[in-house]
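Structure file protein37.cif (mmCIF, C-alpha atoms, pLDDT in the B column; chains and numbers go by the auth columns) is printed below.
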```
data_protein
loop_
_atom_site.group_PDB
_atom_site.id
_atom_site.type_symbol
_atom_site.label_atom_id
_atom_site.label_comp_id
_atom_site.label_asym_id
_atom_site.label_seq_id
_atom_site.Cartn_x
_atom_site.Cartn_y
_atom_site.Cartn_z
_atom_site.B_iso_or_equiv
_atom_site.auth_seq_id
_atom_site.auth_asym_id
ATOM 1 C CA MET A 1 -97.007 10.704 90.218 51.00 19 A
ATOM 2 C CA SER A 2 -100.678 10.607 89.278 84.00 20 A
ATOM 3 C CA ALA A 3 -102.740 7.546 88.414 86.00 21 A
ATOM 4 C CA LEU A 4 -102.967 8.876 84.863 91.00 22 A
ATOM 5 C CA GLU A 5 -99.206 9.174 84.421 92.00 23 A
ATOM 6 C CA LEU A 6 -98.531 5.795 86.043 90.00 24 A
ATOM 7 C CA THR A 7 -101.124 4.135 83.816 93.00 25 A
ATOM 8 C CA ARG A 8 -99.784 5.774 80.654 94.00 26 A
ATOM 9 C CA ASN A 9 -96.222 4.734 81.478 94.00 27 A
ATOM 10 C CA ALA A 10 -97.276 1.142 82.176 94.00 28 A
ATOM 11 C CA LEU A 11 -99.256 0.942 78.929 95.00 29 A
ATOM 12 C CA LYS A 12 -96.339 2.386 76.942 94.00 30 A
ATOM 13 C CA ASP A 13 -94.088 -0.244 78.552 96.00 31 A
ATOM 14 C CA GLY A 14 -96.358 -2.969 77.203 95.00 32 A
ATOM 15 C CA PHE A 15 -98.468 -3.819 80.245 95.00 33 A
ATOM 16 C CA LYS A 16 -102.015 -4.889 79.426 95.00 34 A
ATOM 17 C CA ILE A 17 -104.189 -2.925 81.840 95.00 35 A
ATOM 18 C CA VAL A 18 -107.790 -4.057 81.591 96.00 36 A
ATOM 19 C CA HIS A 19 -109.267 -2.397 84.690 96.00 37 A
ATOM 20 C CA ILE A 20 -108.254 0.703 86.619 96.00 38 A
ATOM 21 C CA TYR A 21 -109.163 1.015 90.294 95.00 39 A
ATOM 22 C CA ALA A 22 -108.462 4.315 92.011 93.00 40 A
ATOM 23 C CA ASP A 23 -109.115 5.930 95.354 91.00 41 A
ATOM 24 C CA THR A 24 -110.255 9.536 95.468 89.00 42 A
ATOM 25 C CA VAL A 25 -111.106 12.271 97.921 82.00 43 A
ATOM 26 C CA GLY A 26 -112.930 14.326 95.277 89.00 44 A
ATOM 27 C CA ASP A 27 -115.853 13.577 92.998 94.00 45 A
ATOM 28 C CA PRO A 28 -115.349 9.960 91.848 95.00 46 A
ATOM 29 C CA SER A 29 -117.337 10.328 88.626 95.00 47 A
ATOM 30 C CA LYS A 30 -115.362 13.397 87.542 95.00 48 A
ATOM 31 C CA TYR A 31 -112.045 11.645 88.188 94.00 49 A
ATOM 32 C CA ALA A 32 -113.204 8.491 86.387 95.00 50 A
ATOM 33 C CA ASP A 33 -114.263 10.624 83.397 95.00 51 A
ATOM 34 C CA TYR A 34 -110.905 12.434 83.517 95.00 52 A
ATOM 35 C CA LEU A 35 -109.072 9.102 83.353 95.00 53 A
ATOM 36 C CA ARG A 36 -111.293 7.759 80.565 95.00 54 A
ATOM 37 C CA ILE A 37 -110.910 10.921 78.457 95.00 55 A
ATOM 38 C CA ASN A 38 -107.146 11.093 78.905 95.00 56 A
ATOM 39 C CA LEU A 39 -106.703 7.380 78.208 95.00 57 A
ATOM 40 C CA ALA A 40 -109.128 7.289 75.266 95.00 58 A
ATOM 41 C CA GLU A 41 -106.359 6.075 72.941 95.00 59 A
ATOM 42 C CA TYR A 42 -106.288 2.855 75.017 94.00 60 A
ATOM 43 C CA SER A 43 -110.063 2.337 75.107 92.00 61 A
ATOM 44 C CA GLN A 44 -109.704 -0.949 73.213 93.00 62 A
ATOM 45 C CA ILE A 45 -107.540 -2.292 76.055 93.00 63 A
ATOM 46 C CA ILE A 46 -109.033 -0.677 79.172 96.00 64 A
ATOM 47 C CA LYS A 47 -112.464 -2.158 79.822 95.00 65 A
ATOM 48 C CA GLY A 48 -113.318 -0.490 83.115 95.00 66 A
ATOM 49 C CA VAL A 49 -112.447 2.430 85.366 96.00 67 A
ATOM 50 C CA ILE A 50 -113.592 2.300 88.987 96.00 68 A
ATOM 51 C CA VAL A 51 -112.987 5.337 91.163 96.00 69 A
ATOM 52 C CA GLN A 52 -114.382 5.616 94.666 95.00 70 A
ATOM 53 C CA PRO A 53 -113.512 6.960 98.092 94.00 71 A
ATOM 54 C CA LYS A 54 -111.990 4.316 100.371 93.00 72 A
ATOM 55 C CA ALA A 55 -111.312 2.032 97.389 94.00 73 A
ATOM 56 C CA ASP A 56 -108.487 0.504 99.438 93.00 74 A
ATOM 57 C CA ARG A 57 -111.157 -0.890 101.770 95.00 75 A
ATOM 58 C CA ASP A 58 -113.100 -2.596 98.968 96.00 76 A
ATOM 59 C CA TYR A 59 -110.404 -3.639 96.478 96.00 77 A
ATOM 60 C CA LYS A 60 -107.319 -5.607 97.513 96.00 78 A
ATOM 61 C CA VAL A 61 -105.316 -4.286 94.562 93.00 79 A
ATOM 62 C CA VAL A 62 -105.853 -0.697 95.740 93.00 80 A
ATOM 63 C CA SER A 63 -104.935 -1.655 99.291 95.00 81 A
ATOM 64 C CA ALA A 64 -101.714 -3.304 98.105 95.00 82 A
ATOM 65 C CA SER A 65 -100.881 -0.289 95.925 91.00 83 A
ATOM 66 C CA SER A 66 -101.444 2.021 98.867 90.00 84 A
ATOM 67 C CA ILE A 67 -99.029 0.025 101.006 94.00 85 A
ATOM 68 C CA CYS A 68 -96.392 0.048 98.234 92.00 86 A
ATOM 69 C CA ALA A 69 -96.776 3.807 97.783 89.00 87 A
ATOM 70 C CA LYS A 70 -96.412 4.461 101.515 93.00 88 A
ATOM 71 C CA VAL A 71 -93.328 2.250 101.819 95.00 89 A
ATOM 72 C CA THR A 72 -91.766 3.992 98.812 91.00 90 A
ATOM 73 C CA ARG A 73 -92.606 7.419 100.260 92.00 91 A
ATOM 74 C CA ASP A 74 -91.090 6.483 103.627 95.00 92 A
ATOM 75 C CA ARG A 75 -87.880 5.246 101.987 93.00 93 A
ATOM 76 C CA ILE A 76 -87.553 8.467 99.995 92.00 94 A
ATOM 77 C CA LEU A 77 -88.206 10.639 103.045 93.00 95 A
ATOM 78 C CA LYS A 78 -85.451 8.878 105.027 92.00 96 A
ATOM 79 C CA SER A 79 -82.858 10.255 102.620 90.00 97 A
ATOM 80 C CA TRP A 80 -84.208 13.818 102.596 90.00 98 A
ATOM 81 C CA THR A 81 -82.411 16.567 104.435 87.00 99 A
ATOM 82 C CA PHE A 82 -84.809 19.062 105.942 82.00 100 A
ATOM 83 C CA LYS A 83 -83.688 22.636 106.625 81.00 101 A
#
```

Structure translated into structure tokens:
Amino acid sequence: MSALELTRNALKDGFKIVHIYADTVGDPSKYADYLRINLAEYSQIIKGVIVQPKADRDYKVVSASSICAKVTRDRILKSWTFK
């Protein structure tokens, strides 16, 4: 699930997201613009979008999210049957 979809779902569920921090392997400014454009309807709520490579190194919230995502992925993979 992408950062955009996760953010939209959280906002629709009533969460008040003020800042978005995201890691990227591509062009950070393009991805930040992509998020801003696609979340324009929430521009009164979202005050900042920070996208950078290695964001998990610089922002604890990104590091924690990365750990949660990896644990979730590992749990899902344990139940998969590979041919």

Next on the checklist: What would the selection look like, as an MDAnalysis selection string, if the PyMOL selection byres ((chain A and resi 64-68) around 9) were run on the coordinates I just shared?
Outcome noted: chainID A and resid 34:41 46:47 50:51 53:54 57:58 60:63 69:70 73

Checklist entry - Near Lys72 (chain A), counting all atoms listed in the file, which residues have an atom at most 10 Å away, once you skip same-chain residues fewer than 4 positions from it, shown as a count of residues only? => result 8

Checklist entry - Quick one, how far is CA of Lys88 (chain A) from CA of Asp74 (chain A)? => result 12.9 Å

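Here CA of Leu24 (chain A) stands at a distance of 26.7 Å from CA of Thr99 (chain A).
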
Item to check | Picked residues, the PyMOL selection byres ((chain A and resi 22) around 9), expected as a PyMOL selection string | outcome: chain A and resi 19-21+23-27+52-53+56-57

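Of note, CA of Arg75 (chain A) and CA of Asp92 (chain A) are spaced 21.5 Å apart.
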
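Nearest-residue note for Leu29 (chain A): choosing from A:Lys78, A:Glu59, A:Ala87, A:Lys101, the minimum distance belongs to A:Glu59, counting all atoms listed in the file.
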
Each side padded by 3 Å, which centre and which edge lengths in Å (one decimal) define the axis-aligned box around the listed atoms of region 30-41 of chain A? Give them as AutoDock Vina command-line options.
```
--center_x -101.7 --center_y 0.5 --center_z 86.1 --size_x 21.2 --size_y 16.8 --size_z 24.4
```

Item to check | Proximity to Gly44 (chain A) - best of A:Pro71, A:Asp31, A:Leu95, A:Ser84, only C-alpha atoms | outcome: A:Pro71

Missing atoms in region 28-39 of chain A: fill them in up to all heavy atoms and send the result as a short mmCIF file (atom, residue, chain, number, x, y, z; two decimals), in the frame of the given file.
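Result went into part-v1.cif, see below:
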```cif
data_model
loop_
_atom_site.label_atom_id
_atom_site.label_comp_id
_atom_site.auth_asym_id
_atom_site.auth_seq_id
_atom_site.Cartn_x
_atom_site.Cartn_y
_atom_site.Cartn_z
N ALA A 28 -97.16 2.61 82.19
CA ALA A 28 -97.28 1.14 82.18
C ALA A 28 -97.77 0.65 80.82
O ALA A 28 -97.26 -0.34 80.28
CB ALA A 28 -98.22 0.68 83.29
N LEU A 29 -98.74 1.33 80.25
CA LEU A 29 -99.26 0.94 78.93
C LEU A 29 -98.18 1.09 77.86
O LEU A 29 -98.03 0.22 77.00
CB LEU A 29 -100.49 1.77 78.58
CG LEU A 29 -101.75 1.44 79.38
CD1 LEU A 29 -102.78 2.55 79.26
CD2 LEU A 29 -102.34 0.11 78.92
N LYS A 30 -97.42 2.17 77.91
CA LYS A 30 -96.34 2.39 76.94
C LYS A 30 -95.25 1.32 77.09
O LYS A 30 -94.58 0.97 76.12
CB LYS A 30 -95.74 3.77 77.11
CG LYS A 30 -96.63 4.87 76.59
CD LYS A 30 -96.03 6.24 76.83
CE LYS A 30 -97.01 7.32 76.41
NZ LYS A 30 -96.52 8.67 76.75
N ASP A 31 -95.08 0.81 78.31
CA ASP A 31 -94.09 -0.24 78.55
C ASP A 31 -94.60 -1.64 78.18
O ASP A 31 -93.91 -2.63 78.39
CB ASP A 31 -93.64 -0.23 80.01
CG ASP A 31 -92.73 0.94 80.34
OD1 ASP A 31 -92.20 1.58 79.41
OD2 ASP A 31 -92.53 1.20 81.54
N GLY A 32 -95.83 -1.70 77.68
CA GLY A 32 -96.36 -2.97 77.20
C GLY A 32 -97.27 -3.72 78.16
O GLY A 32 -97.71 -4.83 77.84
N PHE A 33 -97.55 -3.15 79.32
CA PHE A 33 -98.47 -3.82 80.24
C PHE A 33 -99.89 -3.76 79.69
O PHE A 33 -100.29 -2.78 79.09
CB PHE A 33 -98.42 -3.16 81.63
CG PHE A 33 -97.16 -3.46 82.38
CD1 PHE A 33 -96.05 -2.62 82.24
CD2 PHE A 33 -97.06 -4.57 83.19
CE1 PHE A 33 -94.88 -2.89 82.92
CE2 PHE A 33 -95.89 -4.84 83.88
CZ PHE A 33 -94.80 -4.00 83.74
N LYS A 34 -100.63 -4.81 79.88
CA LYS A 34 -102.02 -4.89 79.43
C LYS A 34 -102.93 -4.59 80.60
O LYS A 34 -103.26 -5.47 81.39
CB LYS A 34 -102.33 -6.27 78.86
CG LYS A 34 -101.39 -6.71 77.75
CD LYS A 34 -101.58 -5.88 76.50
CE LYS A 34 -100.74 -6.42 75.39
NZ LYS A 34 -99.91 -5.46 74.74
N ILE A 35 -103.33 -3.35 80.74
CA ILE A 35 -104.19 -2.92 81.84
C ILE A 35 -105.64 -3.00 81.36
O ILE A 35 -106.03 -2.30 80.43
CB ILE A 35 -103.83 -1.51 82.31
CG1 ILE A 35 -102.40 -1.49 82.82
CG2 ILE A 35 -104.82 -1.02 83.36
CD1 ILE A 35 -101.85 -0.12 83.14
N VAL A 36 -106.41 -3.85 82.00
CA VAL A 36 -107.79 -4.06 81.59
C VAL A 36 -108.74 -3.25 82.47
O VAL A 36 -109.74 -2.72 81.99
CB VAL A 36 -108.15 -5.56 81.64
CG1 VAL A 36 -109.59 -5.79 81.25
CG2 VAL A 36 -107.21 -6.36 80.74
N HIS A 37 -108.43 -3.15 83.75
CA HIS A 37 -109.27 -2.40 84.69
C HIS A 37 -108.39 -1.45 85.50
O HIS A 37 -107.28 -1.80 85.88
CB HIS A 37 -110.00 -3.33 85.66
CG HIS A 37 -110.95 -4.26 84.97
ND1 HIS A 37 -112.16 -3.86 84.47
CD2 HIS A 37 -110.84 -5.57 84.68
CE1 HIS A 37 -112.76 -4.89 83.91
NE2 HIS A 37 -111.98 -5.95 84.03
N ILE A 38 -108.92 -0.27 85.76
CA ILE A 38 -108.25 0.70 86.62
C ILE A 38 -109.12 0.89 87.86
O ILE A 38 -110.33 1.13 87.75
CB ILE A 38 -108.08 2.06 85.90
CG1 ILE A 38 -107.20 1.89 84.67
CG2 ILE A 38 -107.51 3.11 86.85
CD1 ILE A 38 -107.14 3.12 83.79
N TYR A 39 -108.49 0.77 89.02
CA TYR A 39 -109.16 1.01 90.29
C TYR A 39 -108.41 2.14 90.97
O TYR A 39 -107.19 2.07 91.11
CB TYR A 39 -109.11 -0.22 91.20
CG TYR A 39 -109.83 -1.42 90.63
CD1 TYR A 39 -109.18 -2.32 89.79
CD2 TYR A 39 -111.16 -1.64 90.93
CE1 TYR A 39 -109.84 -3.42 89.27
CE2 TYR A 39 -111.83 -2.73 90.41
CZ TYR A 39 -111.16 -3.61 89.59
OH TYR A 39 -111.82 -4.70 89.07
#
```
